[in-house]
Protein chains: 2
Amino acid sequence: MQFQSLDEIATLAERLPAADEAARAAALARQNSLTKPPGSLGRLEDLALFMAAWRATDRPRITRAQALVFAGNHGICAQGVNPYPQSVTAQMVANFQAGGASINQLCRANGADLAVVALDLDHPTADFTEAPAMTEAETLEAMNRGAAAVDPGADVLILGEMGIGNSTIAAALASALFGATPADWVGPGTGSDEAGLKRKIAAIEAGLARHGGLGGMATLAALGGREQAAICGAVLAARENRTVVILDGFICTAAAATLYATDPRLLDHCLVGHASAEPGHRRLLAAIDKRAVLDFDMRLGEGSGAALALGILRAALDCHNGMATFGEAGVDGAEGA
Amino acid sequence: MQFQSLDEIATLAERLPAADEAARAAALARQNSLTKPPGSLGRLEDLALFMAAWRATDRPRITRAQALVFAGNHGICAQGVNPYPQSVTAQMVANFQAGGASINQLCRANGADLAVVALDLDHPTADFTEAPAMTEAETLEAMNRGAAAVDPGADVLILGEMGIGNSTIAAALASALFGATPADWVGPGTGSDEAGLKRKIAAIEAGLARHGGLGGMATLAALGGREQAAICGAVLAARENRTVVILDGFICTAAAATLYATDPRLLDHCLVGHASAEPGHRRLLAAIDKRAVLDFDMRLGEGSGAALALGILRAALDCHNGMATFGEAGVDGAEGA
């Protein structure tokens with residue numbers, strides 16, 4: 001998938017695959033034949049049906065799971081929104097590559113192949129209080145790098161991010177897309193104190209004054225960053241392959257929300273892996289009408305909550321595919337309690 | 001572990017191992033050195049510290065995980081509390097043994113060795129509206145069978161149950177132990193309709209009238225069943241080995257709650273795997289002061305929610321043991337956002 005202009009995203013949903021309702025219905029019929037009271041596996045059943053609809057089969061399996069972590073640096077750091085230097089972004093990328101981060105352990109535990117894509121870390125985006133963070137060409141280039149990184153054979157794609165300053169980017173995007181005040185979307189991110197929070201809010205207010213009232217993709221360019229654009233590109237490329245996406249926490253969801261603001265259908269194939277402890281995430285989940293798979297008070301990013309949710313998705317399909325039916329097991333009608 | 005009398009349980013906590021606070025503190029120091037903002041893995045960090053305290057090491061691992069499902073039949077079924085015949089209990093035990101049930105898939109997915117213990121299925125307990133469900137000798141025998149089934153080398157023990165009629169048993173135990181009305185504890189179980197719910201409530205009211213006001217272990221004998229007693233025996237045997245227990249849903253938790261009512265410390269080494277959709281479970285979790293690991297609208301029993309939670313516990317320890325420290329990774333102080 002190659003993007004030529006940001007305007008084309010608005011009409012993309014018409015051309016991309018939709019959920020296969022026949023496969024979903026066939027999977028539901030199977031669920032109701034399995035040796036358990038109908039519905040008793042709760043959200044595990046919902047997840048199995050979601051996979052069936054998007055993989056277009058009544059017996060979906062996860063043979064290949066890919067995890068992509070995109071990293072970028074942000075000009076907004078000049079406004080003092082983060083207590084850590086931007087060099088930490090590259091240090092953490094090195095940690096991902098050496099296998100020492102949380103996302104490495106969670107991908108190994110849940111059977112996902114991890115790739116890390118560092119996006120021009122030496123050239124931060126522009127400070128959005130002074131200019132659009134990215135030109136359209138820069139935005140498209142990052143989207144195309146995101147799309148190009150997607151494995152077309154993956155059943156599931158986990159998305160994560162790393163970038164000093166990017167909780168400010170996420171709050172700016174959410175505020176521009178869904179209203180409320182910047183203070184409603186801002187949280188401590190990685191350890192901001194009260195003065196740091198005030199600087200985050202002031203920076204976002206300045207950004208909104210300069211770039212408010214734009215559509216979803218123009219907002220991505222004006223207030224976002226390269227890892228946010230790459231996430232959007234990856235989400236769309238996955239849809240072309242009918243790959244189910246698991247978004248991570250506040251920052252990842254805010255990036256994808258620029259697609260939702262463009263056309264809500266563009267996130268129909270996406271799950272959100274967890275509800276972050278970063279306070280804006282719950283408000284954001286309500287705005288994009290998604291319920292997170294897990295709620296673990298996590299606020300790390302990197303795709304960590306999405307990778308954890310992959311284990312749940314695998315368990316849901318293990319039950320869906322592996323359980324005996326009432327007929328196969330010779331059980332009368334329903335199970336006990 | 002061998003139980004000689006129900007009275008001895010009241011003084012057992014004094015003789016059993018307690019949490020190792022030095023190991024917990026050492027594990028916390030490790031967590032705070034790992035390449036992430038302190039606390040950012042949320043409840044995964046709490047789970048790692050819990051395992052450290054009970055396994056008495058700052059680097060706990062899950063080398064062996066055991067799952068035990070206890071099955072029993074109940075005289076209370078004579079009161080029409082369940083739409084399915086008691087023969088379904090044995091049919092589901094056969095399904096467990098053949099590998100066709102949900103618990104089989106979830107144990108395989110999360111690396112637990114499953115054993116099913118059928119407890120005198122041909123001899124249901126007495127109808128508690130007419131007599132104590134079990135004599136003390138029957139209760140002790142079932143507790144000892146539960147304790148004997150425990151693998152002393154397991155790091156984690158998952159507990160589950162199967163028994164037609166046992167959601168009525170659970171509601172009766174909870175009502176006797178923690179008050180409120182039977183209607184506050186009763187839910188649909190496996191597909192009871194409104195008339196069935198009324199019969200459940202009436203049966204429990206009759207049981208409470210006959211056997212109310214007893215202590216925890218006497219309540220277990222009077223209103224419980226063999227699988228409930230076996231769960232209690234297994235919980236206590238696991239404690240002797242410093243094995244962390246993961247309880248399942250409403251029925252499993254209600255069984256263990258008889259220990260809590262006897263001495264709250266007896267459940268200190270227990271997690272609850274999930275909050276069940278069976279409505280009494282949330283009330284019960286509040287009564288025993290536990291927060292469930294997962295909340296997935298599940299209501300199957302068998303240990304299914306506990307087995308699902310094992311995967312989360314494994315992920316927590318994979319992060320705890322596998323991540324690099326800031327020093328090892330050469331990362332400055334804290335990670336981005």
# chains A, B, ... in the order shown; residues from 1 in each chain; ligands from 1
call {"tool": "residues_around", "arguments": {"residues": "Cys252 (chain B)", "least_positions_apart": "6", "cutoff": "9 Å", "atoms": "only C-alpha atoms", "output": "list in words"}}
result
Leu159, Gly160, Glu161, Ala170, Glu227, Gln228, Ile231, Gly301, Glu302 and Gly303 of chain B
call {"tool": "write_last_selection", "arguments": {"atoms": "N, CA and C atoms", "output": "PDB file, in the first residue's frame"}}
result
ATOM      1  N   LEU B 159      -7.111 -23.699  40.461  1.00  0.00           N
ATOM      2  CA  LEU B 159      -8.198 -24.529  40.991  1.00  0.00           C
ATOM      3  C   LEU B 159      -9.501 -24.252  40.260  1.00  0.00           C
ATOM      4  N   GLY B 160     -10.206 -25.353  39.941  1.00  0.00           N
ATOM      5  CA  GLY B 160     -11.501 -25.234  39.297  1.00  0.00           C
ATOM      6  C   GLY B 160     -12.426 -26.343  39.748  1.00  0.00           C
ATOM      7  N   GLU B 161     -13.659 -26.295  39.272  1.00  0.00           N
ATOM      8  CA  GLU B 161     -14.671 -27.258  39.730  1.00  0.00           C
ATOM      9  C   GLU B 161     -15.687 -27.536  38.636  1.00  0.00           C
ATOM     10  N   ALA B 170     -22.725 -22.565  46.062  1.00  0.00           N
ATOM     11  CA  ALA B 170     -21.902 -21.366  46.259  1.00  0.00           C
ATOM     12  C   ALA B 170     -22.711 -20.237  46.881  1.00  0.00           C
ATOM     13  N   GLU B 227     -16.514 -31.205  46.085  1.00  0.00           N
ATOM     14  CA  GLU B 227     -15.527 -30.413  45.322  1.00  0.00           C
ATOM     15  C   GLU B 227     -15.162 -29.139  46.064  1.00  0.00           C
ATOM     16  N   GLN B 228     -16.105 -28.609  46.847  1.00  0.00           N
ATOM     17  CA  GLN B 228     -15.782 -27.415  47.658  1.00  0.00           C
ATOM     18  C   GLN B 228     -14.767 -27.775  48.748  1.00  0.00           C
ATOM     19  N   ILE B 231     -11.337 -28.302  47.228  1.00  0.00           N
ATOM     20  CA  ILE B 231     -10.696 -27.010  46.926  1.00  0.00           C
ATOM     21  C   ILE B 231     -10.033 -26.455  48.182  1.00  0.00           C
ATOM     22  N   GLY B 301     -16.757 -21.611  34.894  1.00  0.00           N
ATOM     23  CA  GLY B 301     -16.184 -22.517  35.876  1.00  0.00           C
ATOM     24  C   GLY B 301     -15.070 -23.350  35.271  1.00  0.00           C
ATOM     25  N   GLU B 302     -14.831 -24.551  35.850  1.00  0.00           N
ATOM     26  CA  GLU B 302     -13.802 -25.497  35.383  1.00  0.00           C
ATOM     27  C   GLU B 302     -12.388 -25.022  35.686  1.00  0.00           C
ATOM     28  N   GLY B 303     -12.226 -23.817  36.227  1.00  0.00           N
ATOM     29  CA  GLY B 303     -10.899 -23.225  36.354  1.00  0.00           C
ATOM     30  C   GLY B 303     -10.519 -22.372  35.156  1.00  0.00           C
TER      31      GLY B 303
END
call {"tool": "interface_residues", "arguments": {"of": "chain A", "to": "chain B", "cutoff": "6 Å", "atoms": "only C-alpha atoms", "output": "PDB file with N, CA, C and O atoms, in the first residue's frame"}}
result
ATOM      1  N   SER A  40     -20.867 -18.444  27.821  1.00  0.00           N
ATOM      2  CA  SER A  40     -20.202 -18.501  29.127  1.00  0.00           C
ATOM      3  C   SER A  40     -18.711 -18.188  29.059  1.00  0.00           C
ATOM      4  O   SER A  40     -18.091 -17.985  30.102  1.00  0.00           O
ATOM      5  N   LEU A  41     -18.123 -18.148  27.867  1.00  0.00           N
ATOM      6  CA  LEU A  41     -16.735 -17.695  27.768  1.00  0.00           C
ATOM      7  C   LEU A  41     -16.654 -16.189  27.550  1.00  0.00           C
ATOM      8  O   LEU A  41     -15.570 -15.635  27.332  1.00  0.00           O
ATOM      9  N   GLY A  42     -17.798 -15.519  27.604  1.00  0.00           N
ATOM     10  CA  GLY A  42     -17.833 -14.065  27.659  1.00  0.00           C
ATOM     11  C   GLY A  42     -17.052 -13.410  26.529  1.00  0.00           C
ATOM     12  O   GLY A  42     -17.256 -13.704  25.354  1.00  0.00           O
ATOM     13  N   ARG A  43     -16.151 -12.545  26.902  1.00  0.00           N
ATOM     14  CA  ARG A  43     -15.427 -11.762  25.900  1.00  0.00           C
ATOM     15  C   ARG A  43     -14.465 -12.616  25.087  1.00  0.00           C
ATOM     16  O   ARG A  43     -14.039 -12.204  24.006  1.00  0.00           O
ATOM     17  N   GLN A  91      18.245   5.516  22.701  1.00  0.00           N
ATOM     18  CA  GLN A  91      18.729   4.519  23.682  1.00  0.00           C
ATOM     19  C   GLN A  91      17.709   3.396  23.854  1.00  0.00           C
ATOM     20  O   GLN A  91      18.072   2.223  23.966  1.00  0.00           O
ATOM     21  N   ASN A  95      17.791  -0.597  23.099  1.00  0.00           N
ATOM     22  CA  ASN A  95      17.344  -1.591  24.077  1.00  0.00           C
ATOM     23  C   ASN A  95      16.361  -2.577  23.433  1.00  0.00           C
ATOM     24  O   ASN A  95      16.433  -3.791  23.668  1.00  0.00           O
ATOM     25  N   GLY A 100      16.124  -6.107  25.508  1.00  0.00           N
ATOM     26  CA  GLY A 100      16.041  -5.851  26.943  1.00  0.00           C
ATOM     27  C   GLY A 100      14.798  -5.142  27.438  1.00  0.00           C
ATOM     28  O   GLY A 100      14.653  -4.937  28.644  1.00  0.00           O
ATOM     29  N   ALA A 101      13.885  -4.770  26.543  1.00  0.00           N
ATOM     30  CA  ALA A 101      12.721  -3.979  26.961  1.00  0.00           C
ATOM     31  C   ALA A 101      11.535  -4.878  27.272  1.00  0.00           C
ATOM     32  O   ALA A 101      11.520  -6.074  26.972  1.00  0.00           O
ATOM     33  N   SER A 102      10.533  -4.272  27.872  1.00  0.00           N
ATOM     34  CA  SER A 102       9.313  -5.005  28.182  1.00  0.00           C
ATOM     35  C   SER A 102       8.698  -5.623  26.930  1.00  0.00           C
ATOM     36  O   SER A 102       8.294  -6.783  26.936  1.00  0.00           O
ATOM     37  N   GLN A 105      10.066  -8.983  25.947  1.00  0.00           N
ATOM     38  CA  GLN A 105       9.640 -10.128  26.772  1.00  0.00           C
ATOM     39  C   GLN A 105       8.197 -10.510  26.434  1.00  0.00           C
ATOM     40  O   GLN A 105       7.848 -11.688  26.355  1.00  0.00           O
ATOM     41  N   GLY A 163       8.864   7.460  21.854  1.00  0.00           N
ATOM     42  CA  GLY A 163       9.306   8.787  21.430  1.00  0.00           C
ATOM     43  C   GLY A 163       9.187   9.773  22.574  1.00  0.00           C
ATOM     44  O   GLY A 163       8.081  10.057  23.023  1.00  0.00           O
ATOM     45  N   ILE A 164      10.312  10.267  23.040  1.00  0.00           N
ATOM     46  CA  ILE A 164      10.276  11.253  24.122  1.00  0.00           C
ATOM     47  C   ILE A 164       9.404  12.432  23.679  1.00  0.00           C
ATOM     48  O   ILE A 164       9.563  12.950  22.576  1.00  0.00           O
ATOM     49  N   GLY A 165       8.458  12.799  24.534  1.00  0.00           N
ATOM     50  CA  GLY A 165       7.555  13.910  24.224  1.00  0.00           C
ATOM     51  C   GLY A 165       6.247  13.494  23.585  1.00  0.00           C
ATOM     52  O   GLY A 165       5.361  14.325  23.384  1.00  0.00           O
ATOM     53  N   ASN A 166       6.070  12.194  23.297  1.00  0.00           N
ATOM     54  CA  ASN A 166       4.892  11.871  22.489  1.00  0.00           C
ATOM     55  C   ASN A 166       3.594  11.700  23.280  1.00  0.00           C
ATOM     56  O   ASN A 166       2.539  11.547  22.664  1.00  0.00           O
ATOM     57  N   SER A 167       3.621  11.787  24.617  1.00  0.00           N
ATOM     58  CA  SER A 167       2.323  11.885  25.306  1.00  0.00           C
ATOM     59  C   SER A 167       1.736  13.290  25.115  1.00  0.00           C
ATOM     60  O   SER A 167       0.515  13.465  25.123  1.00  0.00           O
ATOM     61  N   GLY A 189       2.434  11.320  31.654  1.00  0.00           N
ATOM     62  CA  GLY A 189       3.384  10.689  30.737  1.00  0.00           C
ATOM     63  C   GLY A 189       4.487  10.032  31.540  1.00  0.00           C
ATOM     64  O   GLY A 189       4.229   9.386  32.555  1.00  0.00           O
ATOM     65  N   THR A 190       5.743  10.245  31.141  1.00  0.00           N
ATOM     66  CA  THR A 190       6.857   9.663  31.887  1.00  0.00           C
ATOM     67  C   THR A 190       7.359  10.645  32.919  1.00  0.00           C
ATOM     68  O   THR A 190       8.344  11.335  32.728  1.00  0.00           O
ATOM     69  N   PHE A 296      -5.050  -3.008  33.121  1.00  0.00           N
ATOM     70  CA  PHE A 296      -4.000  -3.437  34.043  1.00  0.00           C
ATOM     71  C   PHE A 296      -3.201  -2.284  34.622  1.00  0.00           C
ATOM     72  O   PHE A 296      -2.105  -2.509  35.135  1.00  0.00           O
ATOM     73  N   ASP A 297      -3.731  -1.065  34.544  1.00  0.00           N
ATOM     74  CA  ASP A 297      -3.015   0.094  35.106  1.00  0.00           C
ATOM     75  C   ASP A 297      -1.628   0.261  34.497  1.00  0.00           C
ATOM     76  O   ASP A 297      -0.729   0.807  35.136  1.00  0.00           O
ATOM     77  N   MET A 298      -1.460  -0.210  33.274  1.00  0.00           N
ATOM     78  CA  MET A 298      -0.172  -0.066  32.594  1.00  0.00           C
ATOM     79  C   MET A 298      -0.113   1.300  31.898  1.00  0.00           C
ATOM     80  O   MET A 298      -1.127   1.846  31.477  1.00  0.00           O
ATOM     81  N   ARG A 299       1.109   1.827  31.760  1.00  0.00           N
ATOM     82  CA  ARG A 299       1.291   3.122  31.076  1.00  0.00           C
ATOM     83  C   ARG A 299       2.708   3.207  30.526  1.00  0.00           C
ATOM     84  O   ARG A 299       3.402   4.191  30.686  1.00  0.00           O
ATOM     85  N   LEU A 300       3.125   2.151  29.849  1.00  0.00           N
ATOM     86  CA  LEU A 300       4.496   2.046  29.368  1.00  0.00           C
ATOM     87  C   LEU A 300       4.618   2.376  27.894  1.00  0.00           C
ATOM     88  O   LEU A 300       5.637   2.888  27.452  1.00  0.00           O
ATOM     89  N   ASP A 318      -7.840 -20.719  20.851  1.00  0.00           N
ATOM     90  CA  ASP A 318      -7.595 -22.099  21.285  1.00  0.00           C
ATOM     91  C   ASP A 318      -8.895 -22.746  21.743  1.00  0.00           C
ATOM     92  O   ASP A 318      -9.163 -23.911  21.445  1.00  0.00           O
ATOM     93  N   CYS A 319      -9.704 -21.995  22.501  1.00  0.00           N
ATOM     94  CA  CYS A 319     -11.010 -22.538  22.906  1.00  0.00           C
ATOM     95  C   CYS A 319     -11.904 -22.730  21.682  1.00  0.00           C
ATOM     96  O   CYS A 319     -12.534 -23.783  21.516  1.00  0.00           O
ATOM     97  N   MET A 323     -12.055 -26.907  21.359  1.00  0.00           N
ATOM     98  CA  MET A 323     -13.065 -27.543  22.210  1.00  0.00           C
ATOM     99  C   MET A 323     -13.925 -28.525  21.417  1.00  0.00           C
ATOM    100  O   MET A 323     -14.150 -28.371  20.215  1.00  0.00           O
ATOM    101  N   ALA A 324     -14.429 -29.534  22.127  1.00  0.00           N
ATOM    102  CA  ALA A 324     -15.371 -30.485  21.534  1.00  0.00           C
ATOM    103  C   ALA A 324     -16.773 -29.871  21.498  1.00  0.00           C
ATOM    104  O   ALA A 324     -17.127 -29.042  22.340  1.00  0.00           O
ATOM    105  N   ALA A 329     -18.656 -34.800  22.212  1.00  0.00           N
ATOM    106  CA  ALA A 329     -18.307 -35.213  23.573  1.00  0.00           C
ATOM    107  C   ALA A 329     -19.382 -36.075  24.231  1.00  0.00           C
ATOM    108  O   ALA A 329     -19.144 -36.631  25.305  1.00  0.00           O
ATOM    109  N   VAL A 331     -22.157 -34.988  25.563  1.00  0.00           N
ATOM    110  CA  VAL A 331     -22.663 -34.271  26.736  1.00  0.00           C
ATOM    111  C   VAL A 331     -24.079 -33.803  26.439  1.00  0.00           C
ATOM    112  O   VAL A 331     -24.374 -33.322  25.341  1.00  0.00           O
ATOM    113  N   GLY A 336     -22.568 -27.962  33.538  1.00  0.00           N
ATOM    114  CA  GLY A 336     -23.123 -27.780  34.877  1.00  0.00           C
ATOM    115  C   GLY A 336     -22.846 -26.481  35.567  1.00  0.00           C
ATOM    116  O   GLY A 336     -22.185 -25.624  35.049  1.00  0.00           O
ATOM    117  N   ALA A 337     -23.395 -26.339  36.696  1.00  0.00           N
ATOM    118  CA  ALA A 337     -23.269 -25.297  37.708  1.00  0.00           C
ATOM    119  C   ALA A 337     -24.649 -25.045  38.295  1.00  0.00           C
ATOM    120  O   ALA A 337     -25.246 -24.028  38.075  1.00  0.00           O
TER     121      ALA A 337
END
call {"tool": "residues_around", "arguments": {"residues": "Thr243 (chain B)", "least_positions_apart": "4", "cutoff": "12 Å", "atoms": "only C-alpha atoms", "output": "PyMOL selection string"}}
result
chain B and resi 16-19+50-56+60-66+150-158+234-239+267-271
call {"tool": "residues_around", "arguments": {"residues": "Ser5 (chain A)", "least_positions_apart": "5", "cutoff": "9 Å", "atoms": "only C-alpha atoms", "output": "list in words"}}
result
Glu136, Ala137 and Leu140 of chain A
call {"tool": "residues_around", "arguments": {"residues": "region 201-203 of chain B", "least_positions_apart": "3", "cutoff": "12 Å", "atoms": "only C-alpha atoms", "output": "JSON, numbers by chain"}}
result
{"B": [75, 76, 77, 78, 79, 80, 81, 82, 127, 128, 129, 130, 165, 167, 168, 169, 170, 171, 172, 175, 181, 182, 183, 184, 185, 186, 187, 188, 192, 194, 195, 196, 197, 198, 206, 207, 208, 209, 210, 223]}
call {"tool": "select_by_dssp", "arguments": {"residues": "region 163-326 of chain B", "states": "alpha helix (DSSP H)", "output": "number ranges by chain"}}
result
B: 166-178, 182-185, 194-211, 216-223, 226-240, 250-262, 280-287, 304-322, 326
call {"tool": "decode", "arguments": {"residues": "region 158-168 of chain A", "atoms": "all heavy atoms", "output": "JSON list (two decimals), in the first residue's frame"}}
result
[["chain", "number", "residue", "atom", "x", "y", "z"],
["A", 158, "ILE", "N", 0.44, -6.16, 16.06],
["A", 158, "ILE", "CA", 0.52, -5.36, 17.29],
["A", 158, "ILE", "C", 1.27, -4.09, 16.98],
["A", 158, "ILE", "O", 2.33, -4.14, 16.35],
["A", 158, "ILE", "CB", 1.26, -6.18, 18.36],
["A", 158, "ILE", "CG1", 0.33, -7.27, 18.88],
["A", 158, "ILE", "CG2", 1.79, -5.31, 19.47],
["A", 158, "ILE", "CD1", 1.06, -8.40, 19.50],
["A", 159, "LEU", "N", 0.72, -2.96, 17.41],
["A", 159, "LEU", "CA", 1.38, -1.68, 17.13],
["A", 159, "LEU", "C", 1.76, -0.98, 18.43],
["A", 159, "LEU", "O", 0.97, -0.92, 19.37],
["A", 159, "LEU", "CB", 0.45, -0.78, 16.31],
["A", 159, "LEU", "CG", 0.20, -1.27, 14.88],
["A", 159, "LEU", "CD1", -0.77, -0.33, 14.17],
["A", 159, "LEU", "CD2", 1.51, -1.38, 14.09],
["A", 160, "GLY", "N", 2.98, -0.44, 18.43],
["A", 160, "GLY", "CA", 3.45, 0.31, 19.57],
["A", 160, "GLY", "C", 4.34, 1.44, 19.12],
["A", 160, "GLY", "O", 4.63, 1.59, 17.93],
["A", 161, "GLU", "N", 4.79, 2.23, 20.09],
["A", 161, "GLU", "CA", 5.57, 3.42, 19.77],
["A", 161, "GLU", "C", 6.54, 3.75, 20.88],
["A", 161, "GLU", "O", 6.40, 3.30, 22.00],
["A", 161, "GLU", "CB", 4.65, 4.62, 19.52],
["A", 161, "GLU", "CG", 3.56, 4.83, 20.55],
["A", 161, "GLU", "CD", 4.00, 4.94, 21.98],
["A", 161, "GLU", "OE1", 4.95, 5.72, 22.22],
["A", 161, "GLU", "OE2", 3.43, 4.27, 22.86],
["A", 162, "MET", "N", 7.52, 4.56, 20.51],
["A", 162, "MET", "CA", 8.49, 5.10, 21.45],
["A", 162, "MET", "C", 8.87, 6.48, 20.97],
["A", 162, "MET", "O", 9.17, 6.64, 19.78],
["A", 162, "MET", "CB", 9.72, 4.18, 21.49],
["A", 162, "MET", "CG", 10.88, 4.71, 22.32],
["A", 162, "MET", "SD", 10.47, 4.73, 24.07],
["A", 162, "MET", "CE", 11.33, 6.20, 24.59],
["A", 163, "GLY", "N", 8.86, 7.46, 21.85],
["A", 163, "GLY", "CA", 9.31, 8.79, 21.43],
["A", 163, "GLY", "C", 9.19, 9.77, 22.57],
["A", 163, "GLY", "O", 8.08, 10.06, 23.02],
["A", 164, "ILE", "N", 10.31, 10.27, 23.04],
["A", 164, "ILE", "CA", 10.28, 11.25, 24.12],
["A", 164, "ILE", "C", 9.40, 12.43, 23.68],
["A", 164, "ILE", "O", 9.56, 12.95, 22.58],
["A", 164, "ILE", "CB", 11.71, 11.71, 24.46],
["A", 164, "ILE", "CG1", 12.49, 10.57, 25.13],
["A", 164, "ILE", "CG2", 11.70, 12.95, 25.36],
["A", 164, "ILE", "CD1", 12.01, 10.16, 26.50],
["A", 165, "GLY", "N", 8.46, 12.80, 24.53],
["A", 165, "GLY", "CA", 7.56, 13.91, 24.22],
["A", 165, "GLY", "C", 6.25, 13.49, 23.59],
["A", 165, "GLY", "O", 5.36, 14.32, 23.38],
["A", 166, "ASN", "N", 6.07, 12.19, 23.30],
["A", 166, "ASN", "CA", 4.89, 11.87, 22.49],
["A", 166, "ASN", "C", 3.59, 11.70, 23.28],
["A", 166, "ASN", "O", 2.54, 11.55, 22.66],
["A", 166, "ASN", "CB", 5.17, 10.72, 21.51],
["A", 166, "ASN", "CG", 5.32, 9.36, 22.15],
["A", 166, "ASN", "OD1", 5.06, 9.19, 23.33],
["A", 166, "ASN", "ND2", 5.74, 8.39, 21.35],
["A", 167, "SER", "N", 3.62, 11.79, 24.62],
["A", 167, "SER", "CA", 2.32, 11.88, 25.31],
["A", 167, "SER", "C", 1.74, 13.29, 25.12],
["A", 167, "SER", "O", 0.51, 13.47, 25.12],
["A", 167, "SER", "CB", 2.42, 11.51, 26.79],
["A", 167, "SER", "OG", 3.11, 12.47, 27.53],
["A", 168, "THR", "N", 2.59, 14.28, 24.91],
["A", 168, "THR", "CA", 2.10, 15.62, 24.56],
["A", 168, "THR", "C", 1.49, 15.61, 23.15],
["A", 168, "THR", "O", 0.41, 16.20, 22.93],
["A", 168, "THR", "CB", 3.26, 16.64, 24.63],
["A", 168, "THR", "OG1", 3.77, 16.65, 25.96],
["A", 168, "THR", "CG2", 2.78, 18.04, 24.26]]
